[in-house]
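So this one's final_21.cif, mmCIF, C-alpha atoms and all ligand atoms:
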```cif
data_start
#
loop_
_atom_site.label_atom_id
_atom_site.label_comp_id
_atom_site.auth_asym_id
_atom_site.auth_seq_id
_atom_site.Cartn_x
_atom_site.Cartn_y
_atom_site.Cartn_z
CA MET A 1 -2.46 32.40 -16.27
CA SER A 2 -5.00 31.76 -13.59
CA VAL A 3 -3.86 31.70 -10.02
CA LYS A 4 -5.12 29.64 -7.11
CA THR A 5 -4.68 30.70 -3.53
CA LEU A 6 -4.49 28.18 -0.76
CA LYS A 7 -3.01 27.62 2.69
CA ILE A 8 -0.25 25.12 3.35
CA ASN A 9 0.44 24.57 7.05
CA GLY A 10 -1.24 27.89 7.69
CA ILE A 11 0.93 29.79 5.20
CA ASP A 12 -0.86 31.64 2.40
CA VAL A 13 0.32 30.51 -1.01
CA ALA A 14 -0.58 31.66 -4.53
CA VAL A 15 0.39 29.38 -7.40
CA GLU A 16 -0.54 28.78 -11.01
CA ALA A 17 -3.64 26.63 -11.52
CA GLY A 18 -2.71 23.04 -12.27
CA THR A 19 0.29 23.03 -9.92
CA SER A 20 0.56 19.96 -7.72
CA ILE A 21 0.40 20.37 -3.96
CA LEU A 22 3.95 18.97 -3.86
CA HIS A 23 5.27 21.77 -6.08
CA ALA A 24 3.21 24.42 -4.30
CA ALA A 25 4.73 23.26 -1.00
CA GLN A 26 8.22 23.36 -2.51
CA GLU A 27 7.64 26.95 -3.61
CA THR A 28 6.67 27.73 -0.03
CA GLY A 29 9.85 26.16 1.25
CA ILE A 30 8.12 23.08 2.66
CA ARG A 31 9.75 19.77 1.78
CA ILE A 32 7.41 16.81 1.56
CA PRO A 33 9.23 13.44 1.52
CA THR A 34 8.92 11.53 -1.79
CA LEU A 35 10.46 8.45 -3.35
CA CYS A 36 8.54 7.58 -6.50
CA HIS A 37 8.24 11.16 -7.77
CA LEU A 38 10.86 12.22 -10.32
CA GLU A 39 10.88 15.62 -11.97
CA GLY A 40 10.15 15.42 -15.67
CA VAL A 41 8.40 12.06 -15.82
CA SER A 42 4.81 11.07 -15.08
CA ASP A 43 3.75 10.36 -11.50
CA VAL A 44 2.44 7.01 -10.30
CA SER A 45 1.63 7.80 -6.68
CA ALA A 46 3.02 4.51 -5.47
CA CYS A 47 5.31 5.21 -2.51
CA ARG A 48 2.58 7.05 -0.54
CA LEU A 49 5.17 9.09 1.37
CA CYS A 50 3.87 12.39 0.01
CA LEU A 51 0.34 11.93 1.39
CA VAL A 52 -1.08 15.08 2.96
CA GLU A 53 -4.24 16.06 4.81
CA ILE A 54 -6.74 18.44 3.30
CA LYS A 55 -9.24 20.18 5.55
CA GLY A 56 -12.77 18.94 5.03
CA SER A 57 -11.83 15.42 3.92
CA ASP A 58 -11.00 12.41 6.04
CA ARG A 59 -9.05 10.85 3.18
CA LEU A 60 -5.36 11.47 2.59
CA PHE A 61 -4.19 12.86 -0.75
CA PRO A 62 -0.95 12.11 -2.62
CA SER A 63 0.51 15.59 -3.07
CA CYS A 64 2.51 14.57 -6.17
CA ILE A 65 -0.64 14.08 -8.23
CA THR A 66 -3.20 16.26 -6.45
CA GLU A 67 -3.66 19.68 -8.02
CA VAL A 68 -4.19 22.75 -5.88
CA SER A 69 -7.64 24.28 -5.75
CA GLU A 70 -8.95 27.61 -4.56
CA GLY A 71 -9.27 27.94 -0.80
CA MET A 72 -7.73 24.56 -0.09
CA GLU A 73 -6.17 24.09 3.36
CA VAL A 74 -3.35 21.58 3.30
CA PHE A 75 -1.41 20.07 6.19
CA THR A 76 1.82 18.33 5.27
CA HIS A 77 3.47 17.35 8.54
CA THR A 78 0.86 16.41 11.14
CA GLU A 79 1.92 13.91 13.78
CA GLN A 80 -0.13 11.16 12.12
CA LEU A 81 1.37 11.84 8.68
CA GLN A 82 4.88 11.72 10.13
CA GLU A 83 4.10 8.44 11.87
CA ASN A 84 2.68 7.03 8.60
CA ARG A 85 5.83 8.01 6.72
CA LYS A 86 8.03 6.42 9.32
CA MET A 87 6.09 3.16 9.13
CA LEU A 88 6.21 3.19 5.32
CA VAL A 89 9.99 3.54 5.34
CA GLU A 90 10.26 0.79 7.96
CA LEU A 91 8.21 -1.45 5.68
CA LEU A 92 10.57 -0.76 2.77
CA PHE A 93 13.66 -1.62 4.81
CA ALA A 94 12.02 -4.85 5.99
CA GLU A 95 10.96 -5.80 2.46
CA GLY A 96 14.30 -5.81 0.64
CA ASN A 97 17.86 -6.67 1.61
CA HIS A 98 19.47 -3.37 2.48
CA VAL A 99 23.03 -3.79 3.67
CA CYS A 100 24.12 -0.17 3.48
CA ALA A 101 27.66 -0.87 4.64
CA VAL A 102 28.46 -2.61 1.35
CA CYS A 103 26.18 -0.63 -0.97
CA VAL A 104 27.32 1.59 -3.84
CA ALA A 105 24.78 4.20 -2.77
CA ASN A 106 25.72 4.36 0.91
CA GLY A 107 25.62 8.00 1.96
CA ASN A 108 24.08 8.96 -1.35
CA CYS A 109 20.81 7.11 -1.19
CA GLU A 110 17.36 8.68 -1.24
CA LEU A 111 15.94 5.83 0.83
CA GLN A 112 18.52 6.55 3.54
CA ASP A 113 17.79 10.28 3.26
CA VAL A 114 14.07 9.75 3.74
CA ALA A 115 14.71 7.40 6.67
CA ILE A 116 16.77 10.09 8.35
CA GLU A 117 14.19 12.73 7.51
CA VAL A 118 11.32 10.82 9.12
CA GLY A 119 13.44 9.79 12.09
CA MET A 120 13.46 6.07 11.47
CA ASP A 121 16.18 4.32 13.45
CA HIS A 122 14.98 0.70 13.33
CA THR A 123 12.17 -1.27 11.78
CA ARG A 124 9.46 -2.78 13.95
CA PHE A 125 8.57 -5.19 11.14
CA ASN A 126 9.87 -8.62 10.16
CA TYR A 127 12.81 -8.67 7.79
CA GLN A 128 11.69 -10.72 4.82
CA PHE A 129 15.16 -11.62 3.51
CA PRO A 130 13.80 -12.25 0.02
CA GLN A 131 15.81 -14.28 -2.49
CA ARG A 132 16.66 -11.77 -5.18
CA ASP A 133 19.28 -11.76 -7.90
CA VAL A 134 21.90 -9.48 -9.35
CA ASP A 135 22.22 -8.98 -13.12
CA LEU A 136 25.66 -7.94 -14.31
CA SER A 137 25.16 -8.85 -17.97
CA HIS A 138 25.20 -5.25 -19.22
CA PRO A 139 28.70 -4.13 -20.24
CA GLN A 140 28.51 -0.82 -18.35
CA PHE A 141 25.85 -1.15 -15.67
CA GLY A 142 24.53 -3.60 -13.10
CA ILE A 143 21.25 -4.09 -11.24
CA ASP A 144 21.05 -5.55 -7.74
CA HIS A 145 17.41 -6.35 -7.04
CA ASN A 146 18.08 -6.72 -3.32
CA ARG A 147 17.99 -2.93 -3.02
CA CYS A 148 14.98 -2.27 -5.26
CA ILE A 149 12.00 -0.49 -3.74
CA LEU A 150 9.86 -0.82 -6.90
CA CYS A 151 9.42 2.92 -7.31
CA THR A 152 9.44 2.45 -11.13
CA ARG A 153 11.49 5.59 -11.74
CA CYS A 154 13.79 3.55 -14.01
CA VAL A 155 10.78 2.28 -15.97
CA ARG A 156 9.43 5.77 -16.53
CA VAL A 157 12.68 7.55 -17.30
CA CYS A 158 13.64 4.91 -19.86
CA ALA A 159 10.23 4.82 -21.54
CA GLU A 160 9.30 8.50 -21.37
CA ILE A 161 12.61 10.30 -21.76
CA GLU A 162 14.95 7.92 -23.54
CA GLY A 163 12.11 6.26 -25.45
CA ALA A 164 13.75 2.83 -25.17
CA HIS A 165 11.32 1.21 -22.70
CA VAL A 166 13.76 -1.39 -21.51
CA TRP A 167 12.23 -1.78 -18.03
CA ASP A 168 8.90 -3.10 -16.85
CA VAL A 169 7.35 -4.57 -13.72
CA ALA A 170 6.59 -8.29 -13.78
CA PHE A 171 4.76 -10.53 -11.30
CA ARG A 172 2.62 -9.24 -8.47
CA GLY A 173 2.52 -8.40 -4.79
CA GLU A 174 5.57 -9.44 -2.82
CA ASN A 175 6.98 -11.11 -5.96
CA ALA A 176 6.83 -7.99 -8.11
CA LYS A 177 10.13 -7.39 -9.86
CA ILE A 178 11.69 -4.93 -12.27
CA ILE A 179 12.59 -6.76 -15.48
CA SER A 180 14.55 -5.77 -18.56
CA GLY A 181 13.15 -6.59 -22.00
CA LEU A 182 11.00 -9.71 -21.86
CA ASN A 183 12.54 -10.76 -18.57
CA GLN A 184 15.91 -11.24 -20.27
CA PRO A 185 19.37 -10.38 -18.98
CA TRP A 186 19.83 -6.61 -19.34
CA GLY A 187 22.87 -7.14 -21.57
CA ASP A 188 20.72 -9.03 -24.10
CA VAL A 189 18.18 -6.24 -24.50
CA GLU A 190 19.00 -4.56 -27.79
CA ALA A 191 16.68 -1.62 -27.08
CA CYS A 192 19.03 -0.32 -24.37
CA THR A 193 21.10 2.57 -25.68
CA SER A 194 23.37 2.56 -22.60
CA CYS A 195 22.37 6.16 -21.97
CA GLY A 196 22.61 5.77 -18.19
CA LYS A 197 19.39 7.63 -17.40
CA CYS A 198 18.08 4.78 -15.26
CA VAL A 199 21.28 4.85 -13.21
CA GLU A 200 20.73 8.52 -12.49
CA ALA A 201 17.01 8.07 -11.83
CA CYS A 202 17.26 5.16 -9.40
CA PRO A 203 16.91 6.54 -5.86
CA THR A 204 18.77 3.60 -4.30
CA GLY A 205 21.85 1.55 -5.08
CA THR A 206 19.87 -0.88 -7.23
CA ILE A 207 21.05 0.30 -10.65
CA PHE A 208 24.69 1.33 -10.68
CA ARG A 209 27.73 1.86 -12.87
CA LYS A 210 30.02 -1.14 -12.95
CA GLY A 211 33.27 -0.59 -11.18
CA SER A 212 31.84 1.67 -8.52
CA THR A 213 32.27 0.35 -5.04
CA THR A 214 30.81 1.10 -1.59
CA GLY A 215 29.48 4.63 -1.37
CA GLU A 216 30.80 5.57 -4.80
CA LYS A 217 27.48 5.99 -6.58
CA GLU A 218 27.24 9.73 -6.81
CA ARG A 219 23.93 11.31 -7.33
CA ASP A 220 23.92 14.59 -9.07
CA ARG A 221 20.40 15.94 -8.91
CA THR A 222 21.06 18.60 -11.52
CA LYS A 223 22.13 15.91 -13.96
CA VAL A 224 18.88 13.97 -13.52
CA GLU A 225 16.90 17.14 -13.86
CA PHE A 226 18.81 18.11 -16.97
CA LEU A 227 18.19 14.69 -18.47
CA SER A 228 14.49 14.80 -17.80
CA LEU A 229 13.68 18.46 -18.39
CA ALA A 230 16.12 19.45 -21.13
CA ARG A 231 13.74 18.66 -23.96
CA GLU A 232 10.96 20.71 -22.43
CA LYS A 233 13.28 23.62 -21.75
CA HIS A 234 15.13 23.33 -25.12
CA GLN A 235 18.42 22.91 -23.34
CA TRP A 236 19.93 20.27 -25.64
CA THR A 237 23.28 21.53 -26.80
CA ARG A 238 23.04 19.93 -30.22
CA MET B 1 -37.86 -7.13 -15.27
CA GLY B 2 -34.93 -5.42 -13.64
CA ILE B 3 -34.23 -5.67 -9.97
CA ASN B 4 -33.92 -2.42 -8.11
CA ALA B 5 -30.62 -2.82 -6.31
CA SER B 6 -31.51 -0.26 -3.72
CA LYS B 7 -34.58 -2.22 -2.65
CA TYR B 8 -33.50 -5.82 -2.94
CA TRP B 9 -30.40 -7.58 -1.89
CA THR B 10 -29.40 -10.80 -3.59
CA LEU B 11 -26.95 -12.66 -1.48
CA PRO B 12 -25.12 -15.94 -1.49
CA LEU B 13 -25.55 -17.40 1.98
CA LYS B 14 -22.74 -19.63 3.18
CA GLY B 15 -21.58 -21.16 6.44
CA ILE B 16 -18.11 -21.76 7.82
CA ASN B 17 -17.61 -25.14 9.52
CA LEU B 18 -21.27 -25.97 10.14
CA GLY B 19 -22.85 -22.51 9.96
CA VAL B 20 -26.50 -22.50 8.92
CA GLN B 21 -28.63 -25.37 7.66
CA ASN B 22 -29.69 -23.79 4.38
CA THR B 23 -27.10 -22.16 2.19
CA GLY B 24 -27.46 -20.79 -1.32
CA LEU B 25 -28.53 -17.73 -3.21
CA ILE B 26 -31.39 -15.73 -1.72
CA GLU B 27 -32.98 -12.40 -2.49
CA VAL B 28 -34.38 -10.26 0.29
CA PRO B 29 -35.82 -6.76 0.46
CA MET B 30 -33.69 -4.07 2.06
CA GLY B 31 -34.62 -3.68 5.69
CA THR B 32 -34.71 -7.40 6.40
CA THR B 33 -32.91 -8.13 9.65
CA ILE B 34 -29.87 -10.34 9.82
CA ARG B 35 -31.70 -12.55 12.30
CA GLN B 36 -34.50 -13.18 9.79
CA ILE B 37 -31.97 -14.21 7.17
CA VAL B 38 -29.93 -16.43 9.45
CA GLU B 39 -32.72 -18.02 11.47
CA GLN B 40 -35.67 -18.15 9.09
CA MET B 41 -34.15 -18.42 5.64
CA GLY B 42 -30.91 -20.02 6.75
CA GLY B 43 -32.79 -22.30 9.10
CA GLY B 44 -30.63 -21.41 12.08
CA ALA B 45 -27.52 -23.20 13.21
CA SER B 46 -26.95 -26.64 11.84
CA ASN B 47 -26.03 -29.51 14.13
CA GLN B 48 -26.86 -27.91 17.53
CA GLY B 49 -24.14 -25.30 17.02
CA LYS B 50 -24.47 -21.72 18.13
CA ILE B 51 -24.06 -18.89 15.67
CA LYS B 52 -21.80 -16.09 16.82
CA ALA B 53 -21.42 -13.75 13.86
CA VAL B 54 -21.87 -13.15 10.16
CA GLN B 55 -19.28 -11.76 7.77
CA THR B 56 -20.62 -9.51 5.04
CA GLY B 57 -18.99 -7.82 2.10
CA GLY B 58 -16.35 -10.39 1.27
CA PRO B 59 -12.65 -10.05 2.12
CA SER B 60 -12.86 -6.25 2.46
CA GLY B 61 -15.95 -6.33 4.64
CA GLY B 62 -16.31 -7.08 8.30
CA CYS B 63 -18.18 -9.16 10.82
CA ILE B 64 -21.37 -8.50 12.74
CA PRO B 65 -21.74 -10.15 16.16
CA GLU B 66 -24.85 -12.06 17.19
CA ASN B 67 -26.05 -9.29 19.51
CA ALA B 68 -26.47 -6.96 16.53
CA PHE B 69 -28.49 -9.42 14.45
CA ASP B 70 -31.69 -7.38 14.82
CA THR B 71 -30.22 -4.63 12.65
CA ALA B 72 -32.29 -3.98 9.55
CA ILE B 73 -29.94 -4.30 6.60
CA ASP B 74 -29.16 -1.38 4.35
CA TYR B 75 -26.00 0.33 3.14
CA ASP B 76 -25.81 2.75 6.06
CA SER B 77 -26.61 0.35 8.87
CA LEU B 78 -23.89 -2.04 7.71
CA LYS B 79 -21.43 0.82 7.47
CA ALA B 80 -22.27 1.88 11.01
CA LEU B 81 -21.45 -1.64 12.18
CA GLY B 82 -18.02 -1.36 10.59
CA THR B 83 -18.72 -3.56 7.59
CA MET B 84 -20.35 -3.13 4.20
CA MET B 85 -22.61 -4.53 1.53
CA GLY B 86 -19.64 -5.03 -0.78
CA SER B 87 -19.95 -8.16 -2.85
CA GLY B 88 -23.26 -8.93 -1.14
CA GLY B 89 -22.07 -12.21 0.34
CA MET B 90 -23.01 -13.31 3.83
CA ILE B 91 -21.04 -15.94 5.63
CA VAL B 92 -22.52 -17.34 8.81
CA ILE B 93 -19.96 -18.18 11.46
CA ASP B 94 -20.62 -20.56 14.32
CA GLU B 95 -18.82 -20.91 17.63
CA GLU B 96 -16.39 -23.47 16.29
CA THR B 97 -14.67 -20.79 14.23
CA ASN B 98 -11.87 -18.70 15.67
CA MET B 99 -12.17 -15.12 14.50
CA VAL B 100 -8.41 -14.58 14.34
CA ASP B 101 -8.18 -17.53 12.00
CA MET B 102 -10.91 -16.04 9.86
CA ALA B 103 -9.08 -12.72 9.69
CA ARG B 104 -5.95 -14.59 8.64
CA PHE B 105 -7.87 -16.40 5.89
CA TYR B 106 -8.94 -13.07 4.39
CA MET B 107 -5.53 -11.51 4.82
CA GLU B 108 -3.95 -14.39 2.92
CA PHE B 109 -6.37 -13.67 0.09
CA CYS B 110 -5.43 -9.97 0.04
CA ARG B 111 -1.73 -10.74 0.25
CA ASP B 112 -2.07 -12.94 -2.84
CA GLU B 113 -4.28 -10.47 -4.69
CA THR B 114 -2.37 -7.23 -4.11
CA CYS B 115 -0.87 -5.97 -7.36
CA GLY B 116 2.23 -4.64 -5.65
CA LYS B 117 2.15 -1.10 -6.95
CA CYS B 118 1.93 0.81 -3.68
CA VAL B 119 4.13 0.24 -0.65
CA PRO B 120 1.55 -0.11 2.17
CA CYS B 121 -0.56 -2.72 0.41
CA ARG B 122 2.31 -4.68 -1.16
CA THR B 123 4.38 -4.98 1.99
CA GLY B 124 1.70 -4.34 4.64
CA THR B 125 -0.48 -7.31 3.70
CA VAL B 126 2.56 -9.60 3.95
CA GLN B 127 3.44 -8.27 7.40
CA LEU B 128 -0.18 -8.36 8.64
CA TYR B 129 -0.50 -11.97 7.55
CA GLN B 130 2.71 -12.86 9.40
CA ILE B 131 1.60 -11.13 12.61
CA LEU B 132 -1.73 -12.99 12.49
CA ASN B 133 0.16 -16.26 12.04
CA LYS B 134 2.31 -15.44 15.02
CA ILE B 135 -0.78 -14.76 17.13
CA ILE B 136 -2.46 -17.98 16.06
CA ASN B 137 0.70 -19.96 16.81
CA GLY B 138 0.65 -18.59 20.35
CA GLU B 139 3.98 -16.80 19.91
CA ALA B 140 2.73 -13.21 19.97
CA THR B 141 2.76 -10.66 22.77
CA GLN B 142 0.80 -7.50 23.48
CA ALA B 143 3.42 -5.62 21.46
CA ASP B 144 2.52 -7.64 18.36
CA LEU B 145 -1.14 -6.84 18.83
CA THR B 146 -0.29 -3.13 19.02
CA LYS B 147 1.75 -3.50 15.84
CA LEU B 148 -1.16 -5.27 14.18
CA LYS B 149 -3.44 -2.34 14.99
CA GLN B 150 -0.95 0.31 13.86
CA LEU B 151 -0.25 -1.45 10.59
CA SER B 152 -3.94 -2.09 9.91
CA TYR B 153 -4.56 1.61 10.28
CA LEU B 154 -1.63 2.46 7.99
CA VAL B 155 -2.66 0.08 5.21
CA LYS B 156 -6.26 1.28 5.36
CA ALA B 157 -5.38 4.98 5.39
CA THR B 158 -2.52 5.10 2.89
CA SER B 159 -3.15 2.43 0.23
CA LEU B 160 -3.70 3.53 -3.33
CA CYS B 161 -6.83 1.55 -4.18
CA GLY B 162 -9.78 -0.21 -2.63
CA LEU B 163 -7.99 -3.51 -2.23
CA GLY B 164 -5.47 -2.13 0.24
CA GLN B 165 -7.92 0.29 1.82
CA GLY B 166 -10.26 -2.62 2.53
CA ALA B 167 -7.72 -5.33 3.32
CA PRO B 168 -7.43 -4.60 7.07
CA ASN B 169 -11.22 -4.51 7.59
CA PRO B 170 -11.58 -8.15 8.72
CA ILE B 171 -8.86 -7.50 11.34
CA LEU B 172 -10.34 -4.21 12.49
CA SER B 173 -13.86 -5.56 12.78
CA THR B 174 -12.90 -8.78 14.53
CA LEU B 175 -10.83 -6.66 16.92
CA ARG B 176 -13.83 -4.46 17.51
CA TYR B 177 -16.20 -7.27 18.47
CA PHE B 178 -13.98 -10.22 19.37
CA GLU B 179 -10.79 -8.75 20.83
CA ASP B 180 -10.95 -11.34 23.61
CA GLU B 181 -10.22 -14.05 21.05
CA TYR B 182 -7.00 -12.25 20.14
CA LEU B 183 -6.08 -11.64 23.79
CA SER B 184 -6.57 -15.26 24.74
CA LEU B 185 -3.99 -16.29 22.14
CA LEU B 186 -1.26 -13.96 23.41
CA LYS B 187 1.47 -15.34 25.59
S1 LIG C 1 19.96 1.20 -1.46
FE1 LIG C 1 21.93 0.81 -0.50
S2 LIG C 1 22.39 2.62 0.74
FE2 LIG C 1 20.23 2.72 0.14
S3 LIG C 1 19.18 1.83 1.88
FE3 LIG C 1 19.51 0.18 0.43
S4 LIG C 1 21.45 -0.76 1.00
FE4 LIG C 1 21.32 1.21 2.06
S1 LIG C 2 20.71 2.82 -19.92
FE1 LIG C 2 19.14 4.15 -20.87
S2 LIG C 2 18.23 2.87 -22.45
FE2 LIG C 2 19.36 1.48 -21.13
S3 LIG C 2 17.87 0.79 -19.63
FE3 LIG C 2 18.83 2.57 -18.72
S4 LIG C 2 17.55 4.32 -19.30
FE4 LIG C 2 16.97 2.59 -20.61
S1 LIG C 3 15.62 -0.28 -9.93
FE1 LIG C 3 15.77 1.68 -8.81
S2 LIG C 3 14.50 3.08 -10.00
FE2 LIG C 3 13.96 1.04 -10.65
S3 LIG C 3 12.21 0.49 -9.37
FE3 LIG C 3 14.03 -0.31 -8.34
S4 LIG C 3 14.60 1.30 -6.91
FE4 LIG C 3 13.20 2.23 -8.38
S1 LIG C 4 5.88 10.82 -4.36
FE1 LIG C 4 3.72 10.91 -4.24
S2 LIG C 4 3.25 8.81 -3.87
FE2 LIG C 4 5.43 8.70 -4.14
#
```

Rewrite the structure of this file - the entire thing - as structure tokens.
Ligand code: SF4
Ligand code: SF4
Ligand code: SF4
Ligand code: FES
Amino acid sequence: MSVKTLKINGIDVAVEAGTSILHAAQETGIRIPTLCHLEGVSDVSACRLCLVEIKGSDRLFPSCITEVSEGMEVFTHTEQLQENRKMLVELLFAEGNHVCAVCVANGNCELQDVAIEVGMDHTRFNYQFPQRDVDLSHPQFGIDHNRCILCTRCVRVCAEIEGAHVWDVAFRGENAKIISGLNQPWGDVEACTSCGKCVEACPTGTIFRKGSTTGEKERDRTKVEFLSLAREKHQWTR
Amino acid sequence: MGINASKYWTLPLKGINLGVQNTGLIEVPMGTTIRQIVEQMGGGASNQGKIKAVQTGGPSGGCIPENAFDTAIDYDSLKALGTMMGSGGMIVIDEETNMVDMARFYMEFCRDETCGKCVPCRTGTVQLYQILNKIINGEATQADLTKLKQLSYLVKATSLCGLGQGAPNPILSTLRYFEDEYLSLLK
């Protein structure tokens, strides 16, 4: 095992080669905000919250997909980075229809958590109030697109872990939308095994268990991690 | 015979509103000045108009004001002026054109072309377009202009690919050379 040594926020760190900056920071006890990253599935570097500065470059680097290298000096929480993160979260709140008071994920939502973490208390941007629908055709689950931040965690967990590939992204730009099957009602998609992994993976209240009401969507991190890492770690019980 | 791209620049020359007299595809050696292209090859302003700027590099490029027309064109000199060679296009802009309107035109293009994968480009281009609209409609204040600058920086610095990284360039470069046109539209 080859080891790389680097500095994160001035702290000396030694980690295995190939480790992402995000994981190296975690090992150092530094939490970098993320939304699209999910342990156990591939990274897409889409939310841009995890961007960090690296000495010697005027570009910013997504820490979820950037590997450490020898002698690297990383800064994770400069004033500018914090301001960027705040603006990104503000943009997300302005883009969808987030009415936390009536949301299944209220109090248990990663978008809320990140907003609190970056100190966002209002959005300076225009609320878009997009027209989005709710699909309740699946017997056990529902999806409310009003709360979707297009992180594609559902897409990846379903394709890469469950192997069902029910979800995809359709359309582009502001009209981009998560679709099930060939843009069919979720309940009509025979590939869905009703495993519930997408419910666990979704950081917001978009995908939920039917019958849960305001604030009832519980998020058990260990469960998601078990679902996504069990195969790698040979933890399946049968 | 191949053309050495580092020595020659083939460009489509166009004009907004009236722009220049001669438009079309021309090929010039690197080092030609913008003035030579606009006044000699383009034939200068059509219809008594006065030329105030050129836009190079397409929707991700930027504008060059008339007082910098004696710059000899190459990759570095354009970069120093805050624009780029990009697609190689040159659009000649006369005084009839409002620069804020031009920035809005390009932002509309980027808003429609963004794929939607990353947050700053997907949502930022929509918001930038709306702020520009507000300015043009005479409904914006100094606070909106500040927001426009902050968001332009964010989209440029944090977007995943070249489309988002370049999308705010027309705003940033028109702000750099023609901020007065923005200010005169504020209420
Ligand atoms: S997903 Fe629900 S709880 Fe989370 S921010 Fe949106 S509305 Fe609020
Ligand atoms: S329940 Fe399982 S199979 Fe069905 S869409 Fe979600 S992750 Fe895919
Ligand atoms: S449904 Fe949930 S997991 Fe899927 S893209 Fe939307 S917010 Fe992300
Ligand atoms: S976690 Fe790295 S870009 Fe989203």

Taking only C-alpha atoms into account, produce a table as CSV in which each residue of chain B with an atom at most 6 Å from an atom of chain A appears once, together with its shortest atom pair and the distance in Å to one decimal, ordered by chain and rising number.
```
residue,atom,partner,partner_atom,distance
B:Thr114,CA,A:Gly173,CA,5.1
B:Cys115,CA,A:Gly173,CA,4.9
B:Gly116,CA,A:Gly173,CA,3.9
B:Lys117,CA,A:Ala46,CA,5.9
B:Cys118,CA,A:Ala46,CA,4.3
B:Val119,CA,A:Cys47,CA,5.4
B:Arg122,CA,A:Gly173,CA,5.2
```

For segment 142-144 of chain A: contacts at 8 Å, all atoms listed in the file, fewer than 6 positions along chain excluded, given as an mmCIF file with C-alpha atoms, keeping the file's coordinate frame:
```
data_model
loop_
_atom_site.group_PDB
_atom_site.id
_atom_site.type_symbol
_atom_site.label_atom_id
_atom_site.label_comp_id
_atom_site.auth_asym_id
_atom_site.auth_seq_id
_atom_site.Cartn_x
_atom_site.Cartn_y
_atom_site.Cartn_z
ATOM 1 C CA ASP A 133 19.280 -11.760 -7.900
ATOM 2 C CA VAL A 134 21.900 -9.480 -9.350
ATOM 3 C CA ASP A 135 22.220 -8.980 -13.120
ATOM 4 C CA LEU A 136 25.660 -7.940 -14.310
ATOM 5 C CA GLY A 205 21.850 1.550 -5.080
ATOM 6 C CA THR A 206 19.870 -0.880 -7.230
ATOM 7 C CA ILE A 207 21.050 0.300 -10.650
ATOM 8 C CA PHE A 208 24.690 1.330 -10.680
ATOM 9 C CA ARG A 209 27.730 1.860 -12.870
ATOM 10 C CA LYS A 210 30.020 -1.140 -12.950
#
```

Within 7 Å of ligand LIG 2 (chain C) (all atoms listed in the file), residues as a PyMOL selection string | chain A and resi 154+157-158+162+164-167+191-199

Site check for ligand LIG 1 (chain C): residues at most 9 Å away, all atoms listed in the file, as a ChimeraX atom specification | /A:93,96-113,115,146-149,203-206,214-215

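Note that atom CA of Met102 of chain B and atom CA of Ser46 of chain B are 19.3 Å apart.
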
May I ask which of the residues B:Leu154, B:Leu183, B:Cys110, B:Ile171 is the closest one to Gln142 of chain B, counting all atoms listed in the file?
-> B:Leu183

Figure out the distance between atom FE1 of ligand LIG 3 (chain C) and atom CA of Cys50 of chain A, please, to one decimal in Å.
->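 About the pair atom CA of Cys50 of chain A and atom FE1 of ligand LIG 3 (chain C): they are 18.3 Å apart.
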
Could you put an axis-aligned box around every listed atom of ligand LIG 4 (chain C), padded by 8 Å on each side, and send me its centre and edge lengths in Å to one decimal, as lines of an AutoDock Vina configuration file?
```
center_x = 4.6
center_y = 9.8
center_z = -4.1
size_x = 18.6
size_y = 18.2
size_z = 16.5
```

Quick one: everything within 9 Å of segment 137-139 of chain B, counting only C-alpha atoms, minus sequence neighbours fewer than 5 positions away in the same chain. Send it as a ChimeraX atom specification.
-> /B:132,185-187

Could you please determine the separation between atom CA of Gln165 of chain B and atom CA of Glu108 of chain B in Å, to one decimal place?
->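 Rounded to one decimal, the two atoms are 15.2 Å apart.
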